[in-house]
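Below is start_10.cif, which holds mmCIF, C-alpha atoms and all ligand atoms.
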data_work
loop_
_atom_site.label_atom_id
_atom_site.label_comp_id
_atom_site.auth_asym_id
_atom_site.auth_seq_id
_atom_site.Cartn_x
_atom_site.Cartn_y
_atom_site.Cartn_z
CA MET A 1 6.10 -28.18 -18.32
CA SER A 2 8.89 -30.42 -17.13
CA GLU A 3 10.31 -30.34 -13.63
CA VAL A 4 12.89 -27.57 -13.09
CA PHE A 5 14.18 -28.39 -9.60
CA LYS A 6 15.11 -31.96 -10.48
CA GLY A 7 16.22 -34.31 -7.75
CA VAL A 8 14.57 -32.23 -5.01
CA SER A 9 11.42 -33.56 -3.42
CA ARG A 10 9.29 -31.98 -0.72
CA ILE A 11 11.61 -30.57 1.99
CA LYS A 12 11.04 -32.43 5.26
CA TYR A 13 11.75 -31.73 8.90
CA GLU A 14 14.56 -34.02 10.06
CA GLY A 15 15.41 -32.44 13.43
CA PRO A 16 18.44 -30.59 14.85
CA GLU A 17 20.85 -33.49 14.32
CA SER A 18 20.30 -33.66 10.56
CA LYS A 19 23.15 -32.69 8.27
CA ASN A 20 21.03 -32.84 5.12
CA PRO A 21 21.14 -29.38 3.49
CA LEU A 22 17.78 -30.15 1.88
CA ALA A 23 15.97 -30.73 5.19
CA PHE A 24 14.66 -28.52 7.99
CA LYS A 25 16.48 -28.77 11.31
CA HIS A 26 14.06 -26.58 13.30
CA TYR A 27 11.10 -25.65 11.12
CA ASN A 28 8.48 -28.29 11.76
CA PRO A 29 5.27 -26.74 10.39
CA GLU A 30 2.81 -28.75 12.50
CA GLU A 31 4.71 -28.45 15.78
CA LEU A 32 2.85 -26.47 18.42
CA VAL A 33 4.61 -23.53 20.04
CA GLY A 34 2.22 -22.27 22.70
CA ASP A 35 -1.24 -22.37 21.21
CA LYS A 36 -0.31 -22.15 17.52
CA THR A 37 1.60 -24.27 15.04
CA MET A 38 4.93 -23.03 13.73
CA GLU A 39 3.34 -22.57 10.34
CA ASP A 40 0.67 -20.28 11.80
CA HIS A 41 3.16 -18.28 13.85
CA LEU A 42 5.65 -17.74 11.07
CA ARG A 43 3.48 -17.31 7.95
CA PHE A 44 6.48 -17.58 5.62
CA SER A 45 6.43 -16.02 2.20
CA VAL A 46 8.81 -16.14 -0.77
CA ALA A 47 9.65 -12.85 -2.54
CA TYR A 48 9.11 -13.36 -6.24
CA TRP A 49 11.55 -10.62 -7.30
CA HIS A 50 14.67 -11.89 -5.58
CA THR A 51 14.04 -15.58 -5.99
CA PHE A 52 12.60 -15.92 -9.48
CA THR A 53 13.13 -12.66 -11.37
CA GLY A 54 16.50 -11.43 -10.06
CA GLN A 55 19.48 -12.46 -12.10
CA GLY A 56 22.34 -11.57 -9.79
CA VAL A 57 23.21 -8.27 -11.48
CA ASP A 58 25.31 -5.80 -9.46
CA PRO A 59 26.75 -2.37 -10.36
CA PHE A 60 29.96 -4.03 -11.53
CA GLY A 61 28.74 -7.08 -13.37
CA ALA A 62 26.11 -8.97 -15.29
CA GLY A 63 23.73 -11.60 -13.99
CA THR A 64 25.19 -14.88 -12.80
CA MET A 65 22.10 -16.89 -11.91
CA ASN A 66 21.40 -20.21 -13.56
CA ARG A 67 17.66 -19.87 -14.20
CA PRO A 68 16.31 -22.15 -16.96
CA TRP A 69 13.16 -20.05 -17.41
CA ASP A 70 15.24 -17.09 -18.59
CA GLN A 71 16.18 -19.13 -21.69
CA ALA A 72 12.63 -18.89 -23.11
CA SER A 73 12.26 -17.37 -26.58
CA ASP A 74 10.28 -14.22 -25.58
CA PRO A 75 9.57 -12.30 -22.36
CA LEU A 76 5.97 -13.49 -21.97
CA SER A 77 6.94 -17.15 -22.40
CA ALA A 78 9.73 -16.62 -19.89
CA ALA A 79 7.20 -15.10 -17.47
CA LYS A 80 4.97 -18.16 -17.82
CA GLU A 81 7.82 -20.63 -17.36
CA ARG A 82 9.07 -18.60 -14.40
CA MET A 83 5.63 -18.74 -12.75
CA VAL A 84 5.33 -22.52 -13.19
CA ALA A 85 8.85 -23.02 -11.79
CA ALA A 86 8.05 -20.66 -8.89
CA PHE A 87 5.11 -22.79 -7.83
CA GLU A 88 7.19 -25.97 -8.13
CA PHE A 89 9.82 -24.37 -5.87
CA MET A 90 7.34 -23.03 -3.32
CA SER A 91 5.44 -26.33 -3.14
CA LYS A 92 8.63 -28.29 -2.58
CA LEU A 93 9.76 -25.79 0.08
CA GLY A 94 6.35 -25.90 1.77
CA VAL A 95 5.80 -22.16 2.17
CA PRO A 96 2.20 -21.00 2.48
CA TYR A 97 2.64 -17.55 0.84
CA PHE A 98 4.39 -15.52 -1.84
CA CYS A 99 4.65 -11.79 -2.65
CA PHE A 100 5.25 -9.95 -5.93
CA HIS A 101 5.55 -6.62 -7.71
CA ASP A 102 3.47 -6.31 -10.89
CA ARG A 103 6.63 -6.10 -13.02
CA ASP A 104 8.26 -9.19 -11.48
CA ILE A 105 5.57 -11.46 -12.78
CA ALA A 106 4.85 -9.99 -16.22
CA PRO A 107 6.93 -8.01 -18.71
CA GLU A 108 6.16 -4.43 -19.79
CA GLY A 109 4.54 -4.17 -23.22
CA ALA A 110 4.83 -1.31 -25.73
CA ASN A 111 2.32 0.75 -23.72
CA LEU A 112 0.25 0.56 -20.54
CA ARG A 113 -2.62 -1.25 -22.29
CA GLU A 114 -0.30 -4.00 -23.52
CA THR A 115 1.46 -4.22 -20.18
CA ASN A 116 -1.89 -4.72 -18.45
CA LYS A 117 -2.76 -7.44 -20.97
CA ASN A 118 0.49 -9.26 -20.19
CA LEU A 119 -0.39 -9.03 -16.52
CA ASP A 120 -3.83 -10.50 -17.10
CA VAL A 121 -2.34 -13.53 -18.86
CA ILE A 122 0.07 -14.19 -16.00
CA VAL A 123 -2.50 -13.52 -13.29
CA ASP A 124 -4.77 -16.18 -14.84
CA LEU A 125 -1.89 -18.64 -14.70
CA ALA A 126 -1.04 -17.67 -11.11
CA LYS A 127 -4.67 -18.13 -10.09
CA GLN A 128 -4.70 -21.63 -11.52
CA LEU A 129 -1.40 -22.58 -9.86
CA MET A 130 -2.53 -21.12 -6.52
CA LYS A 131 -5.64 -23.28 -6.72
CA GLU A 132 -3.64 -26.40 -7.54
CA THR A 133 -1.05 -25.90 -4.78
CA GLY A 134 -2.97 -24.05 -2.06
CA ILE A 135 -0.24 -21.38 -1.95
CA LYS A 136 -1.65 -17.93 -1.13
CA LEU A 137 -0.72 -14.34 -1.83
CA LEU A 138 0.58 -12.49 1.24
CA TRP A 139 0.82 -9.19 -0.61
CA GLY A 140 1.04 -7.55 -3.97
CA THR A 141 2.69 -4.27 -4.86
CA ALA A 142 3.53 -2.09 -7.85
CA ASN A 143 7.06 -1.50 -9.06
CA LEU A 144 7.21 2.30 -9.32
CA PHE A 145 11.00 2.55 -9.45
CA THR A 146 12.67 0.49 -12.21
CA HIS A 147 11.35 2.15 -15.37
CA PRO A 148 13.10 5.41 -16.45
CA ARG A 149 9.76 7.27 -16.24
CA TYR A 150 10.15 7.10 -12.47
CA VAL A 151 13.51 8.86 -12.52
CA HIS A 152 12.17 11.72 -10.34
CA GLY A 153 9.83 9.56 -8.26
CA ALA A 154 6.27 8.31 -8.78
CA ALA A 155 3.65 9.87 -6.48
CA THR A 156 6.29 12.45 -5.52
CA SER A 157 7.47 13.14 -9.06
CA CYS A 158 7.70 16.76 -10.22
CA ASN A 159 5.81 15.60 -13.34
CA ALA A 160 2.02 15.21 -13.03
CA ASP A 161 1.94 12.76 -15.96
CA VAL A 162 4.15 10.45 -13.93
CA PHE A 163 1.80 10.78 -10.94
CA ALA A 164 -1.08 9.75 -13.24
CA TYR A 165 0.86 6.82 -14.69
CA ALA A 166 1.79 5.60 -11.21
CA ALA A 167 -1.85 5.88 -10.14
CA ALA A 168 -2.91 3.76 -13.10
CA GLN A 169 -0.29 1.20 -12.20
CA VAL A 170 -1.36 0.99 -8.55
CA LYS A 171 -5.01 0.81 -9.60
CA LYS A 172 -4.25 -2.26 -11.68
CA ALA A 173 -1.99 -3.76 -8.99
CA LEU A 174 -4.82 -3.41 -6.46
CA GLU A 175 -7.20 -5.13 -8.87
CA ILE A 176 -4.91 -8.11 -9.43
CA THR A 177 -4.04 -8.37 -5.73
CA LYS A 178 -7.75 -8.56 -5.00
CA GLU A 179 -8.30 -11.05 -7.84
CA LEU A 180 -5.64 -13.32 -6.31
CA GLY A 181 -7.02 -13.01 -2.77
CA GLY A 182 -4.00 -11.02 -1.50
CA GLU A 183 -4.18 -10.52 2.26
CA ASN A 184 -2.21 -7.25 2.22
CA TYR A 185 -1.01 -4.58 -0.21
CA VAL A 186 2.41 -2.94 0.23
CA PHE A 187 3.65 0.54 -0.61
CA TRP A 188 7.38 0.77 -0.66
CA GLY A 189 8.25 4.27 -1.83
CA GLY A 190 10.90 3.11 -4.29
CA ARG A 191 11.94 6.54 -5.54
CA GLU A 192 9.74 8.66 -3.28
CA GLY A 193 12.44 10.94 -1.93
CA TYR A 194 14.99 13.37 -3.28
CA GLU A 195 18.59 13.68 -4.42
CA THR A 196 18.96 17.40 -3.65
CA LEU A 197 16.74 19.99 -2.01
CA LEU A 198 18.03 22.52 -4.55
CA ASN A 199 15.47 21.25 -7.08
CA THR A 200 12.82 19.89 -4.72
CA ASP A 201 9.48 21.20 -3.45
CA MET A 202 9.33 18.90 -0.46
CA LYS A 203 6.02 20.26 0.81
CA LEU A 204 4.24 19.64 -2.49
CA GLU A 205 5.83 16.20 -2.88
CA LEU A 206 4.70 15.08 0.57
CA ASP A 207 1.19 16.51 0.07
CA ASN A 208 0.96 14.67 -3.26
CA PHE A 209 2.20 11.47 -1.70
CA ALA A 210 -0.64 11.67 0.83
CA ARG A 211 -3.15 12.48 -1.94
CA PHE A 212 -1.97 9.38 -3.79
CA LEU A 213 -2.38 7.14 -0.75
CA HIS A 214 -5.88 8.54 -0.06
CA MET A 215 -6.83 7.74 -3.66
CA ALA A 216 -5.56 4.18 -3.16
CA VAL A 217 -7.62 3.82 0.03
CA ASP A 218 -10.71 5.12 -1.79
CA TYR A 219 -10.21 2.81 -4.76
CA ALA A 220 -9.68 -0.25 -2.56
CA LYS A 221 -12.98 0.57 -0.88
CA GLU A 222 -14.68 1.01 -4.23
CA ILE A 223 -13.61 -2.41 -5.53
CA GLY A 224 -14.09 -4.16 -2.19
CA PHE A 225 -10.43 -4.94 -1.52
CA THR A 226 -10.30 -5.59 2.22
CA GLY A 227 -6.61 -6.53 2.61
CA GLN A 228 -4.37 -4.61 5.02
CA PHE A 229 -2.49 -1.62 3.55
CA LEU A 230 1.16 -1.50 4.55
CA ILE A 231 3.94 1.07 4.18
CA GLU A 232 7.51 -0.18 4.17
CA PRO A 233 9.95 2.35 5.65
CA LYS A 234 13.47 2.73 4.24
CA PRO A 235 15.79 5.70 4.87
CA LYS A 236 17.90 5.80 1.71
CA GLU A 237 18.66 3.89 -1.48
CA PRO A 238 17.83 4.43 -4.23
CA THR A 239 17.39 8.13 -3.34
CA LYS A 240 19.65 9.95 -0.92
CA HIS A 241 16.69 10.66 1.32
CA GLN A 242 13.57 8.49 1.19
CA TYR A 243 10.45 10.12 2.63
CA ASP A 244 9.38 6.92 4.43
CA PHE A 245 12.60 7.11 6.44
CA ASP A 246 11.75 4.87 9.40
CA ALA A 247 8.81 3.71 11.49
CA ALA A 248 8.60 6.94 13.50
CA SER A 249 8.69 9.27 10.49
CA VAL A 250 6.07 7.21 8.64
CA HIS A 251 3.93 7.29 11.78
CA ALA A 252 4.13 11.09 11.86
CA PHE A 253 3.31 11.30 8.14
CA LEU A 254 0.29 9.01 8.52
CA GLN A 255 -1.01 11.03 11.46
CA LYS A 256 -0.49 14.38 9.76
CA TYR A 257 -2.42 13.32 6.66
CA ASP A 258 -5.17 11.43 8.47
CA LEU A 259 -4.06 8.11 7.02
CA ASP A 260 -3.18 6.33 10.26
CA LYS A 261 -6.34 4.29 10.48
CA HIS A 262 -5.78 2.84 6.99
CA PHE A 263 -2.14 1.75 7.18
CA LYS A 264 0.21 -0.44 9.16
CA LEU A 265 3.92 -0.94 8.63
CA ASN A 266 5.93 -3.61 6.86
CA ILE A 267 9.23 -3.56 8.76
CA GLU A 268 12.35 -4.78 6.96
CA ALA A 269 15.47 -5.77 8.90
CA ASN A 270 18.02 -4.28 6.53
CA HIS A 271 16.06 -1.02 6.24
CA ALA A 272 16.08 -0.67 10.02
CA THR A 273 19.86 -0.93 10.17
CA LEU A 274 20.26 1.49 7.25
CA ALA A 275 18.23 3.98 9.33
CA GLY A 276 20.67 3.56 12.20
CA HIS A 277 18.26 1.49 14.27
CA THR A 278 18.21 -2.12 15.28
CA PHE A 279 15.55 -4.29 13.67
CA GLN A 280 14.12 -4.78 17.17
CA HIS A 281 13.80 -1.01 17.62
CA GLU A 282 11.68 -0.66 14.48
CA LEU A 283 9.51 -3.66 15.35
CA HIS A 284 9.10 -2.42 18.91
CA TYR A 285 8.21 1.14 17.85
CA ALA A 286 5.65 -0.19 15.37
CA ARG A 287 4.20 -2.59 17.93
CA ILE A 288 3.68 -0.11 20.77
CA ASN A 289 1.90 2.19 18.34
CA GLY A 290 -0.39 -0.54 16.98
CA LEU A 291 1.35 -0.39 13.60
CA LEU A 292 3.20 -3.70 13.31
CA GLY A 293 1.61 -5.30 10.26
CA SER A 294 4.16 -7.46 8.49
CA VAL A 295 7.88 -8.15 8.20
CA ASP A 296 10.39 -8.31 5.36
CA ALA A 297 12.76 -10.89 6.75
CA ASN A 298 16.37 -10.48 5.68
CA GLN A 299 19.62 -9.20 7.13
CA GLY A 300 22.25 -6.67 6.16
CA ASP A 301 26.00 -6.74 6.57
CA THR A 302 27.45 -4.55 9.30
CA LEU A 303 30.40 -3.71 7.06
CA LEU A 304 28.35 -2.62 4.06
CA GLY A 305 26.20 0.51 3.92
CA TRP A 306 23.53 -0.66 1.51
CA ASP A 307 20.53 -2.99 1.35
CA THR A 308 22.34 -6.31 0.85
CA ASP A 309 19.09 -8.28 1.41
CA GLN A 310 20.80 -11.39 2.73
CA MET A 311 19.01 -14.50 3.91
CA PRO A 312 18.42 -14.06 7.67
CA THR A 313 20.60 -16.51 9.62
CA ASP A 314 21.49 -14.53 12.74
CA LEU A 315 19.77 -16.35 15.62
CA TYR A 316 20.13 -13.46 18.08
CA THR A 317 18.14 -11.22 15.76
CA THR A 318 15.53 -13.81 14.79
CA THR A 319 14.96 -14.47 18.52
CA LEU A 320 14.41 -10.79 19.35
CA THR A 321 12.25 -10.43 16.23
CA MET A 322 10.02 -13.31 17.26
CA TYR A 323 9.90 -11.88 20.79
CA GLU A 324 8.39 -8.67 19.40
CA ILE A 325 6.05 -10.61 17.09
CA LEU A 326 4.79 -12.82 19.94
CA LYS A 327 4.22 -9.73 22.07
CA ASN A 328 2.29 -8.29 19.12
CA GLY A 329 -0.03 -11.31 19.24
CA GLY A 330 1.33 -12.46 15.87
CA LEU A 331 1.46 -10.78 12.48
CA ALA A 332 -1.68 -12.00 10.71
CA PRO A 333 -2.82 -10.96 8.16
CA GLY A 334 0.86 -10.08 7.67
CA GLY A 335 3.68 -12.59 7.61
CA LEU A 336 7.41 -13.13 7.33
CA ASN A 337 8.36 -12.42 3.75
CA PHE A 338 11.89 -13.36 2.73
CA ASP A 339 12.81 -10.13 0.98
CA ALA A 340 16.23 -11.72 0.59
CA LYS A 341 18.39 -13.00 -2.18
CA VAL A 342 21.07 -15.63 -2.37
CA ARG A 343 24.51 -14.10 -2.99
CA ARG A 344 25.66 -13.48 -6.55
CA GLY A 345 28.14 -16.30 -6.14
CA SER A 346 25.38 -18.71 -5.09
CA PHE A 347 24.09 -19.09 -8.63
CA GLU A 348 22.97 -22.71 -8.71
CA LEU A 349 19.27 -23.54 -8.57
CA ASN A 350 19.59 -25.49 -5.34
CA ASP A 351 21.06 -22.45 -3.57
CA LEU A 352 17.49 -21.11 -3.58
CA PHE A 353 16.48 -24.04 -1.38
CA TYR A 354 19.54 -23.79 0.85
CA GLY A 355 18.98 -20.06 1.36
CA HIS A 356 15.31 -20.37 2.25
CA ILE A 357 15.84 -23.38 4.48
CA ALA A 358 18.53 -21.41 6.34
CA GLY A 359 16.12 -18.50 6.84
CA MET A 360 13.17 -20.66 7.84
CA ASP A 361 15.23 -22.64 10.35
CA ALA A 362 16.70 -19.45 11.84
CA PHE A 363 13.21 -18.04 12.41
CA ALA A 364 11.84 -21.35 13.72
CA TYR A 365 14.68 -21.49 16.23
CA GLY A 366 14.12 -17.85 17.14
CA LEU A 367 10.43 -18.58 17.67
CA LYS A 368 11.14 -21.46 20.04
CA VAL A 369 13.63 -19.42 22.08
CA ALA A 370 11.44 -16.30 22.16
CA HIS A 371 8.47 -18.34 23.34
CA LYS A 372 10.45 -19.78 26.25
CA LEU A 373 11.89 -16.39 27.11
CA LEU A 374 8.46 -14.83 27.15
CA GLN A 375 6.97 -17.66 29.18
CA SER A 376 9.69 -17.37 31.80
CA GLY A 377 8.82 -13.69 32.19
CA GLU A 378 12.44 -12.95 33.18
CA LEU A 379 12.79 -9.84 31.02
CA GLU A 380 9.26 -8.65 31.61
CA GLN A 381 9.67 -8.96 35.35
CA PHE A 382 12.88 -6.96 35.32
CA ILE A 383 11.25 -4.15 33.38
CA GLU A 384 8.21 -4.24 35.63
CA GLU A 385 10.39 -3.77 38.70
CA ARG A 386 12.54 -1.13 37.03
CA TYR A 387 9.54 1.16 36.65
CA ALA A 388 7.91 0.32 39.99
CA SER A 389 8.24 3.96 41.16
CA TYR A 390 5.42 4.90 38.77
CA ARG A 391 2.90 2.63 40.47
CA SER A 392 2.65 4.41 43.80
CA GLY A 393 3.22 7.77 45.42
CA ILE A 394 4.46 10.64 43.29
CA GLY A 395 5.09 8.35 40.28
CA LYS A 396 1.47 7.27 40.24
CA GLN A 397 0.38 10.90 40.38
CA ILE A 398 2.56 11.66 37.35
CA VAL A 399 1.11 8.76 35.39
CA ASP A 400 -2.45 9.57 36.42
CA GLY A 401 -1.96 13.15 35.31
CA THR A 402 -2.72 14.62 38.73
CA ALA A 403 0.76 16.10 39.37
CA ASP A 404 1.95 19.47 38.09
CA PHE A 405 5.29 21.32 38.16
CA LYS A 406 4.50 23.10 41.42
CA GLN A 407 3.66 19.87 43.26
CA LEU A 408 6.70 18.17 41.82
CA GLU A 409 8.90 21.02 42.96
CA ALA A 410 7.47 20.80 46.47
CA TYR A 411 8.15 17.05 46.45
CA ALA A 412 11.71 17.45 45.09
CA LEU A 413 12.55 20.11 47.69
CA GLU A 414 11.82 17.58 50.44
CA LEU A 415 13.81 14.76 48.81
CA PRO A 416 16.95 13.95 50.79
CA GLU A 417 18.85 12.53 47.79
CA VAL A 418 17.89 10.65 44.64
CA THR A 419 18.94 7.01 44.54
CA ASN A 420 19.05 4.98 41.32
CA GLN A 421 19.48 1.30 40.61
CA SER A 422 21.63 -0.51 38.09
CA GLY A 423 20.17 -1.15 34.63
CA ARG A 424 21.91 -4.57 34.65
CA GLN A 425 22.32 -4.77 30.88
CA GLU A 426 24.98 -7.47 31.11
CA VAL A 427 22.82 -9.68 33.31
CA LEU A 428 19.96 -9.36 30.83
CA GLU A 429 22.22 -10.19 27.88
CA THR A 430 23.33 -13.29 29.73
CA ILE A 431 19.70 -14.35 30.13
CA ILE A 432 19.21 -14.12 26.35
CA ASN A 433 22.35 -16.17 25.79
CA ARG A 434 21.21 -18.80 28.25
CA TYR A 435 17.93 -19.31 26.38
CA LEU A 436 19.68 -19.15 22.99
CA ILE A 437 22.12 -21.88 23.96
CA GLN A 438 19.44 -24.09 25.52
CA GLY A 439 17.31 -23.77 22.35
C1 LIG B 501 13.48 -2.56 -1.36
C2 LIG B 501 12.27 -3.06 -0.77
C3 LIG B 501 11.33 -3.76 -1.72
C4 LIG B 501 9.96 -3.86 -1.13
C5 LIG B 501 8.87 -4.13 -2.10
O1 LIG B 501 14.46 -2.24 -0.71
O2 LIG B 501 12.60 -3.88 0.29
O3 LIG B 501 11.83 -5.00 -2.07
O4 LIG B 501 9.92 -4.82 -0.14
O5 LIG B 501 8.75 -3.13 -3.03
NI NI B 502 11.28 -5.08 1.36
NI NI B 503 14.84 -3.76 0.96
#

Could you take the file, read its structure, and then write that structure out as structure tokens?
Amino acid sequence: MSEVFKGVSRIKYEGPESKNPLAFKHYNPEELVGDKTMEDHLRFSVAYWHTFTGQGVDPFGAGTMNRPWDQASDPLSAAKERMVAAFEFMSKLGVPYFCFHDRDIAPEGANLRETNKNLDVIVDLAKQLMKETGIKLLWGTANLFTHPRYVHGAATSCNADVFAYAAAQVKKALEITKELGGENYVFWGGREGYETLLNTDMKLELDNFARFLHMAVDYAKEIGFTGQFLIEPKPKEPTKHQYDFDAASVHAFLQKYDLDKHFKLNIEANHATLAGHTFQHELHYARINGLLGSVDANQGDTLLGWDTDQMPTDLYTTTLTMYEILKNGGLAPGGLNFDAKVRRGSFELNDLFYGHIAGMDAFAYGLKVAHKLLQSGELEQFIEERYASYRSGIGKQIVDGTADFKQLEAYALELPEVTNQSGRQEVLETIINRYLIQG
């Protein structure tokens, strides 16, 4: 098939002074940061749905995107053309990974059998293109939210037939993810939640959700899929209340249902802010609990209360994100997936390059700054000193578990007065700014 992204060749690193919108200013894949190359630290991935399948539809208007592959005569031909164009785009951009939902890559047929056949055709093509380009699959997932059958949820639907249909869909999605060498498999509970408790058996829905995930774990084992399972928390949208609300509630759910050893989390920036947390909070919570598996890299808009999925360009956030990722020892087998879309007004083909270059540069810059910050130890040292009282005396006894209420009371009764020290937030914020400005 003929070239789609005409006039664009392989995107190169030109350095911070470059003004070329089709060049990287900070992302230099081979450059070493600490002991790893940027490419190995960042493990960038393109999200098939936003970049190749999305058409720029919003609740008030039709699609705006200029996408030549959508002109094909029938849905399966469009899916093939889309896949070929996707690999042209990803090769030119130089990303090592992509991610997809089953329904992004192949159209639904008249029934599940036909739909699965469509998938097989496209998976064969993807396999061939992956071999030719060396681009790998970061994760696969099943779309259990678009079709009207999922109106009341999938694994948490009130209708057992829907549960069965969703199971069949995930079974197939696991098979194709394995077939394509996917390194992870994601569960985002698209419509797993409720609109009103007046019609909802929450206990049964949550129990069923856990049953569903156990079945997935068992099936993966049966077929020898060894990729990492990930759950992607999100508090609301499309339902009023999504069960996988945030990292802490998913953690509790996994522990309650004995699933914690099988799953990690895929943390998305815009979902964190929708939950009333910072992105750093969600990453940090996941990390300290050994649950940080992968990241959906995007950003929201502070003035809008929904998942705007914008390309991440905020350097402050990318720096703090990379700080958490470095402290996590990296993300592998996870990565940084751009679950982000160019704005509806950015409808030209080249906007896809501009958007991804912006995101990749913002993360590369964040990586460089976070590495320096971490090496300097300035923040770590402050925290270390702030908690020094727990390393000797009564504090050590508390931490060691040798103190009880009676001993603590005896100690407190002898205390002349408690003295505290400043938390110095402003000083610490200035340190971040200093590193951010120095680059
Ligand atoms: C939606 C989610 C979705 C998942 C994959 O808000 O972010 O895109 O990442 O199903
Ligand atoms: Ni996401
Ligand atoms: Ni999202």

Distance in Å - atom CA of Gly355 of chain A versus atom CA of Asp244 of chain A =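 Distance between the two atoms: 28.8 Å.
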
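Across the model, the gap from atom CA of Val186 of chain A to atom CA of Asp296 of chain A is 10.9 Å.
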
Interatomic distance between atom CA of Gly153 of chain A and atom CA of Glu195 of chain A?
->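 Between atom CA of Gly153 of chain A and atom CA of Glu195 of chain A the gap is 10.4 Å.
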
What are the closest atom pairs, with distances in Å to one decimal, for all residues of chain A lying within 8 Å of ligand NI 502 (chain B)? Consider only C-alpha atoms and all ligand atoms, order rows by chain and residue number, and present the result as JSON lines.
{"residue": "A:Trp188", "atom": "CA", "partner": "B:NI502", "partner_atom": "NI", "distance": 7.3}
{"residue": "A:Glu232", "atom": "CA", "partner": "B:NI502", "partner_atom": "NI", "distance": 6.8}
{"residue": "A:Asn266", "atom": "CA", "partner": "B:NI502", "partner_atom": "NI", "distance": 7.8}
{"residue": "A:Ile267", "atom": "CA", "partner": "B:NI502", "partner_atom": "NI", "distance": 7.8}
{"residue": "A:Glu268", "atom": "CA", "partner": "B:NI502", "partner_atom": "NI", "distance": 5.7}
{"residue": "A:His271", "atom": "CA", "partner": "B:NI502", "partner_atom": "NI", "distance": 7.9}
{"residue": "A:Asp296", "atom": "CA", "partner": "B:NI502", "partner_atom": "NI", "distance": 5.2}
{"residue": "A:Asp339", "atom": "CA", "partner": "B:NI502", "partner_atom": "NI", "distance": 5.3}

Contacts of ligand NI 503 (chain B), 12 Å or closer, all atoms listed in the file, given as a PyMOL selection string | chain A and resi 47+49-50+188-190+232-238+266-275+295-300+306-311+337-341

Non-local contacts of His214 of chain A (12 Å; all atoms listed in the file; under 6 positions in same chain excluded) as a PyMOL selection string = chain A and resi 155+167+207-208+220-221+229+254+257-263

May I have the residues within 9 Å of Leu373 of chain A as a short mmCIF file (atom, residue, chain, number, x, y, z; two decimals) with C-alpha atoms, in the frame of the given file, using all atoms listed in the file and disregarding those fewer than 4 positions away in the same chain?
data_model
loop_
_atom_site.label_atom_id
_atom_site.label_comp_id
_atom_site.auth_asym_id
_atom_site.auth_seq_id
_atom_site.Cartn_x
_atom_site.Cartn_y
_atom_site.Cartn_z
CA TYR A 323 9.90 -11.88 20.79
CA LYS A 368 11.14 -21.46 20.04
CA VAL A 369 13.63 -19.42 22.08
CA GLY A 377 8.82 -13.69 32.19
CA GLU A 378 12.44 -12.95 33.18
CA LEU A 379 12.79 -9.84 31.02
CA ILE A 431 19.70 -14.35 30.13
CA ILE A 432 19.21 -14.12 26.35
CA TYR A 435 17.93 -19.31 26.38
#

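Minimum atom-to-atom distances from A:Ala166, A:Val4, A:Leu76, A:Ile105 to Thr53 of chain A were compared using all atoms listed in the file, and the lowest value belongs to A:Ile105.
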
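Considering the residues A:Met83, A:Leu336, A:Leu326, A:Ile11 and counting only C-alpha atoms and all ligand atoms, ligand LIG 501 (chain B) has its shortest atom-to-atom contact with A:Leu336.
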
Could you pull the residues within 12 Å of segment 392-397 of chain A, counting only C-alpha atoms, minus those fewer than 3 positions along the same chain, as a list in words?
->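 That gives Tyr387, Ala388, Ser389, Asp400, Gly401, Thr402, Ala403, Asp404, Phe405, Gln407, Leu408, Glu409, Ala410, Tyr411, Ala412 and Leu415 of chain A.
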
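Distances from A:Ala252, A:Met215, A:Leu283, A:Val162 to Pro148 of chain A were compared using all atoms listed in the file, and the smallest one belongs to A:Val162.
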
Produce a table with one row for each residue of segment 276-390 of chain A that has an atom at most 9 Å from any atom of segment 54-59 of chain A, each row naming the nearest atom pair and its distance in Å at one decimal; use only C-alpha atoms; arrange rows by chain and rising residue number; format as a Markdown table.
| residue | atom | partner | partner_atom | distance |
| --- | --- | --- | --- | --- |
| A:Lys341 | CA | A:Gly54 | CA | 8.3 |
| A:Val342 | CA | A:Gly56 | CA | 8.6 |
| A:Arg343 | CA | A:Gly56 | CA | 7.6 |
| A:Arg344 | CA | A:Gly56 | CA | 5.0 |
| A:Gly345 | CA | A:Gly56 | CA | 8.3 |
| A:Phe347 | CA | A:Gly56 | CA | 7.8 |

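Considering only C-alpha atoms, the residue among A:Ala106, A:Leu204, A:Ala370, A:Val418 positioned nearest to Gln438 of chain A is A:Ala370.
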
Which is closest to ligand LIG 501 (chain B) among A:Met90, A:Ile231, A:Leu119, A:Ala110, if we use only C-alpha atoms and all ligand atoms?
->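 Of A:Met90, A:Ile231, A:Leu119, A:Ala110, the one nearest ligand LIG 501 (chain B) is A:Ile231, counting only C-alpha atoms and all ligand atoms.
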
Within 12 Å of (6.6, -1.6, 17.6), in the coordinates the file gives, what residues turn up when you count all atoms listed in the file, written out as JSON, numbers by chain?
-> {"A": [246, 247, 248, 251, 264, 265, 266, 267, 278, 279, 280, 281, 282, 283, 284, 285, 286, 287, 288, 289, 290, 291, 292, 293, 294, 295, 321, 323, 324, 325, 326, 327, 328, 329, 331]}

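Each of A:Tyr48, A:Phe212, A:Phe253, A:Tyr165 was compared to ligand LIG 501 (chain B) using all atoms listed in the file, and A:Tyr48 turns out to be the nearest.
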
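Residues surrounding Phe89 of chain A within 10 Å are Glu3, Val4, Phe5, Val8, Ser9, Arg10, Val46, Thr51, Phe52, Met83, Val95, Leu349, Asn350, Leu352 and Phe353 of chain A [only C-alpha atoms; sequence separation below 6 positions excluded].
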